[in-house]
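Structure record follows, encoded as structure tokens.
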Amino acid sequence: MNELITSTAAQLAEKLSAKEVSSEEVAQAHLDRIGEVDGGERGVHAFLHVNSEEALAVAREVDAIRAAGGDDAAALHPLAGVPIAIKDLIVTVGQPTTAGSRILEGWMSPYDATVIKKIRAAKLPILGKTNLDEFAMGSSTEHSAFGPTRNPWDLDRIPGGSGGGSAAAVAAFEAPLALGTDTGGSIRQPGAVTGTVGVKPTYGAVSRYGAIAMASSLDQIGPVSRSVLDAALLQELIGGHDPFDSTSLTDPFDTLVAAARNGSVEGLRIGVVKELGGEGYQAGVEARFRDAVELLRGAGAQVVEVSCPNFKYALGAYYLIMPSEVSSNLAKFDGVRYGLRVLPKDGPLTIERVMGATRAAGFGDEAKRRIILGTYALSAGYYDAYYGSAQKVRTLIQRDFDAAFAQADVLISPTAPTTAFKLGEKLDDPLAMYLNDVATIPANLAGVPGLSLPGGLADEDGLPVGIQLLAPAREDARLYRVGAALESLLEAQWGGPLLAKAPVLGGVK
Amino acid sequence: MSDATLSFDEAMEQFDPVLGFEVHVELNTKTKMFSSAPNAFGDDPNTNVNEVDLGMPGVLPVVNKAAVESSIKIGLALNCEIAESCRFARKNYFYPDTPKNFQTSQYDEPIAHNGWIDIELEDGEVFRVEIERAHMEEDAGKLTHLGGATGRIQGADYSLVDYNRAGVPLVEIVTKPIVGAGRRAPELARAYVAAIREIVKNLGVSDARMERGNVRCDANVSLMPKGATKFGIRSETKNVNSLRSVEHAVRFEIQRHAAVLAAGEKVTQETRHWHEDTRTTTSGRPKSDADDYRYFPEPDLVPIHASREWVESLRAQLPEPPAERRKRLKAAWGYSDPEFRDVVNAGVMDSIEETISAGASAAAARKWWMGEIVGRAKVADVDPAELGVSAAAIVELNGLVEGGKLNNKMAGQVLDGVIAGEGTPTQVMEARGLVLVSDDGPLLEAIDAALAAQPDVAEKIRGGKTQAVGAIVGGVMKATRGQADAGRVKELILERLGVEA
């Protein structure tokens with residue numbers, strides 16, 4: 001395969017600044033790759049929209065600035081000219097934003113998300129918008145209104161979700177970097193099942209302004225990449241305080257790249273979460289997880305077992321809080337101001353009936369399921385039992401984390417209980433689908449950061465396994481330091497990145 | 001279909017009214033409650049909006065600090081406790097004037113609670129109205145329903161939405177139930193809303209123009225049998241948006257409830273629409289306490305912490321409360337009750353205060369404003385202050401009269417000139433050639449002529465009927481076209497006739 005597309009973002013950045021390659025060549029190579037593997041019957045289908053023209057224009061602009069030299073060239077961001085793909089939940093001027101839903105099909109945002117403004121300012125060519133479960137609701141990307149994305153490791157399998165498009169794009173070498181959003185694991189679980197890196201930053205570390213809200217108190221934008229360092233480079237670029245997001249933190253988060261460049265675990269206490277393993281976890285997943293823990297121990301980490309007894313309530317609490325917020329956040333999609341408008345087939349044309357017909361036609365089953373659940377959970381007479389209790393569980397989970405972090409500097413667990421399952425396998429069994437997020441959800445409920453990185457292949461199916469690291473809130477740098485260390489230990493074993501073992505798509509070597 | 005009513009007197013014989021008010025005050029901040037779009041009235045539809053106000057996908061609210069300050073000031077002016085920490089919640093309901101299909105409002109944690117204000121009725125009787133809470137929220141957009149007979153959404157062919165008002169900061173002031181007003185309930189209703197309007201205007205936090213919807217009132221009314229303590233079932237008359245309407249709506253609802261109860265029936269708990277033309281209400285939608293808005297804490301906003309230092313610094317900035325100010329000014333000026341009430345009702349209290357501080361006596365200031373300017377304003381159909389007569393001009397004009405340079409009649413002409421923009425009183429006086437004749441020579445000539453013309457009057461005066469001198473003075477004033485000092489003329493006449501004044 002073309003080295004321009006297999007390089008990490010950090011490697012590309014070096015080649016670009018050394019003028020070994022041009023940004024245009026890099027962008028074009030990725031656009032070619034998208035053309036080669038993304039479309040067609042058996043295509044990856046990571047992209048909902050490809051933004052060729054603008055991506056090339058930005059790339060040429062970067063090349064021109066580099067060619068001219070001087071202050072402007074010196075002021076270029078290290079990632080300038082490195083292409084990126086954007087989860088189609090994040091609004092962009094000049095490209096459609098669908099959230100994977102019919103209800104927004106064809107809608108063009110009049111404004112850019114804060115993270116997009118930062119990406120544009122740093123001049124990363126935007127390759128396009130990636131597929132997702134409708135409004136980020138799902139763990140397989142099968143709930144996209146525009147068809148599922150396929151896992152590059154096995155095209156009959158799911159790429160995880162909701163950010164399956166971003167993870168698959170990065171795993172299939174269609175983009176070196178992508179943005180995801182993570183409400184219950186939507187960055188980390190796709191990372192795990194596609195053999196890529198995904199980070200959910202501390203809640204508030206990255207502005208949510210312009211990320212179409214699923215569950216406001218849980219959503220967080222984060223990086224998707226093929227290396228821990230690349231993720232750090234991207235999080236530093238998109239993070240920082242934003243006056244347009246009241247929940248945005250004022251902490252600088254400016255030591256992430258340094259942490260990723262100085263990976264080490266010497267003397268660190270690594271906590272194995274007792275409750276995140278055992279029943280429901282695939283044998284091959286547990287085996288790779290144990291290997292990773294042993295590697296860390298061998299590198300000088302002190303491994304301790306920690307218990308988080310309330311994690312068993314996390315999934316239940318999540319499926320009350322998240323749908324409650326969903327039911328309110330998705331109320332605005334009513335056909336009145338933008339997006340789809342459907343008129344009732346017969347009967348009077350009243351506003352209620354137009355809103356009803358629009359929402360009936362525009363939302364898919366999973367969105368409807370969660371809107372109904374949430375509407376019920378917030379109803380008078382049920383609020384205390386459902387939403388109220390779930391918020392109490394949230395507090396208990398935060399206390400579990402506090403206690404665990406008193407014993408360990410970072411926690412470790414498998415990211416997902418299984419490797420990628422077959423397309424369609426769990427589509428009719430929402431509970432089985434929801435269980436895929438059992439290990440990732442606690443971090444969202446507590447607002448702490450989590451990172452997933454490839455831990456190898458499961459013996460029984462040869463598919464990627466993800467290792468999750470968790471750190472206390474605002475300690476994202478710690479994740480990058482430990483993640484980078486584990487990554488280099490594993491890659492030393494494998495003799496290179498895990499993705500080198502992936503089947504070659506597109507028939508071009 | 002019109003509802004039966006009892007006469008107000010009959011209603012009062014049998015029942016005690018209980019009132020409650022929800023007054024919405026639109027704040028006059030530069031920008032909206034949660035966005036940087038302008039908060040302005042009267043612009044073209046959907047021009048003062050951005051992506052936040054339109055509820056575009058992905059947007060987030062940011063609380064307007066100035067609106068929080070204004071809300072705290074209102075809370076303090078209503079003698080409320082200000083919460084150290086309070087939150088916003090989402091009130092979920094589908095309606096096209098609310099772009100997100102939820103309103104961001106305060107629910108169980110209002111910024112201000114537990115206050116009171118004293119309401120003084122026209123005759124001086126004072127009622128204390130207790131305030132339950134004052135909370136912050138955002139206004140909705142404005143819907144115009146076209147094609148139907150009623151202007152309501154039911155039956156309309158289509159509706160237009162203007163989101164300029166969506167997101168305008170509101171403070172909703174909710175009273176505790178007001179009992180004991182008896183037959184003064186309608187009057188108290190009016191006075192309460194007037195007091196709220198005056199307070200927010202005095203604080204400078206709202207333009208407080210009811211005709212623009214800056215202050216809007218929902219009036220709750222229920223009746224209980226005389227002497228009872230258990231409240232009856234209430235109705236809520238929405239959007240009663242003038243002081244007169246508030247009084248009439250409460251009166252109508254009392255009479256309507258009385259008729260229902262007197263007939264042995266139950267009042268329906270519902271919202272009512274007010275009709276200014278017929279001074280009646282009609283049934284709106286049924287309202288129950290179980291209306292389910294699925295409130296939950298707004299996850300996109302963090303709690304607001306009002307530090308005690310901040311609250312105290314805002315308290316220190318509060319202007320003098322209007323009622324206290326009136327009390328102080330009345331005492332300082334020495335006006336009688338009716339004199340002061342007339343000044344207040346004429347809307348010239350501020351102007352008189354300015355005129356006095358510019359150097360006029362309280363009596364002179366009242367004479368000019370009440371005696372001269374208010375009448376002219378009425379003719380011109382404007383507020384007295386809008387005539388543009390400065391305090392300095394009045395002091396100058398008053399000085400010209402007291403210094404004997406003008407008589408009252410001439411001063412009135414000078415005032416007209418000042419209002420017409422002809423310059424200062426002195427400039428007008430000179431330009432118009434208005435000079436008081438004070439040289440006794442020409443005056444004596446005119447007096448002799450007047451005495452000769454009315455010999456019988458002259459005889460009466462000589463005979464001691466000095467009050468008859470007015471007729472001769474009138475003749476002299478006419479002959480001098482008003483440019484004589486009437487007082488001096490009178491003296492000279494009496495002197496001429498050898499009569500002691």
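Residue numbers start at 1 in each chain; chains themselves are named A, B, ... in the order of the structure tokens; ligands are numbered from 1 in the order shown.
Residue-level DSSP output for stretch 17-96 of chain B, from the backbone, shows strand (DSSP E or B) at B:Pro17, B:Val18, B:Leu19, B:Gly20, B:Phe21, B:Glu22, B:Val23, B:His24, B:Val25, B:Glu26, B:Thr31, B:Pro38, B:Glu81, B:Ile82, B:Ser85, B:Cys86, B:Ala89, B:Arg90, B:Lys91, B:Asn92.
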Quick check: residues of chain A within 6 Å of chain B, only C-alpha atoms, returned as number ranges by chain. A: 209-213, 216-217, 246, 331-332, 378-379
Residue neighbourhood A:Leu343, 10 Å, only C-alpha atoms, exclusion window fewer than 4 positions, as a PyMOL selection string: chain A and resi 335+347-351+353-358+361
As JSON, numbers by chain, which residues of stretch 269-377 of chain A does DSSP assign to alpha helix (DSSP H)? {"A": [283, 284, 285, 286, 287, 288, 289, 290, 291, 292, 293, 294, 295, 296, 297, 298, 314, 315, 316, 317, 318, 319, 320, 321, 322, 323, 324, 325, 326, 327, 328, 329, 351, 352, 353, 354, 355, 356, 357, 358, 359, 360, 361, 362, 365, 366, 367, 368, 369, 370, 371, 372, 373, 374, 375, 376, 377]}
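You will find atom CA of B:Met12 at 12.9 Å from atom CA of B:Val250.
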If we count only C-alpha atoms and set the cut-off at 10 Å, which residues sit around A:Glu3, ignoring sequence neighbours fewer than 4 positions away in its own chain? Please answer as an NGL selection string. :A and (7-8 or 12 or 26 or 29)
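Ranking B:Pro225, B:Gly42, B:Gly487, B:Gly213 by their shortest atom-to-atom distance to B:Arg197, with only C-alpha atoms included, puts B:Gly213 first.
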8 Å contact set for stretch 70-79 of chain B, only C-alpha atoms, chain neighbours under 4 positions out, as a VMD selection string: chain B and resid 27 66 111 to 117 131 134 to 136 171 199 to 200 203 205 311 314 to 315 318 321
Could those selected residues go to a file with C-alpha atoms, as an mmCIF file, in the first residue's frame?
```cif
data_model
loop_
_atom_site.group_PDB
_atom_site.id
_atom_site.type_symbol
_atom_site.label_atom_id
_atom_site.label_comp_id
_atom_site.auth_asym_id
_atom_site.auth_seq_id
_atom_site.Cartn_x
_atom_site.Cartn_y
_atom_site.Cartn_z
ATOM 1 C CA LEU B 27 -35.522 42.443 30.629
ATOM 2 C CA ALA B 66 -26.432 40.948 32.763
ATOM 3 C CA ILE B 111 -32.963 32.664 41.742
ATOM 4 C CA ALA B 112 -35.224 34.600 44.168
ATOM 5 C CA HIS B 113 -37.946 33.497 46.563
ATOM 6 C CA ASN B 114 -39.922 34.463 49.619
ATOM 7 C CA GLY B 115 -40.428 38.214 49.280
ATOM 8 C CA TRP B 116 -43.125 40.851 49.644
ATOM 9 C CA ILE B 117 -44.198 44.287 48.522
ATOM 10 C CA ILE B 131 -44.000 36.970 46.638
ATOM 11 C CA ALA B 134 -39.055 35.282 40.897
ATOM 12 C CA HIS B 135 -37.359 33.063 38.358
ATOM 13 C CA MET B 136 -35.472 33.457 35.106
ATOM 14 C CA VAL B 171 -38.269 37.209 34.930
ATOM 15 C CA ILE B 199 -40.346 48.826 40.289
ATOM 16 C CA VAL B 200 -38.735 47.228 37.214
ATOM 17 C CA LEU B 203 -34.514 49.562 38.520
ATOM 18 C CA VAL B 205 -33.959 46.477 34.110
ATOM 19 C CA VAL B 311 -25.596 40.159 45.813
ATOM 20 C CA LEU B 314 -26.029 44.745 43.594
ATOM 21 C CA ARG B 315 -28.125 45.655 46.622
ATOM 22 C CA LEU B 318 -30.450 49.641 43.959
ATOM 23 C CA PRO B 321 -37.907 52.248 45.939
#
```
Non-local contacts of B:Arg184 (10 Å; only C-alpha atoms; under 2 positions in same chain excluded) as a VMD selection string: chain B and resid 12 17 121 180 to 182 186 to 189 247 251
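A straight line drawn from atom CA of B:Glu402 to atom CA of B:Ala484 is 14.3 Å long.
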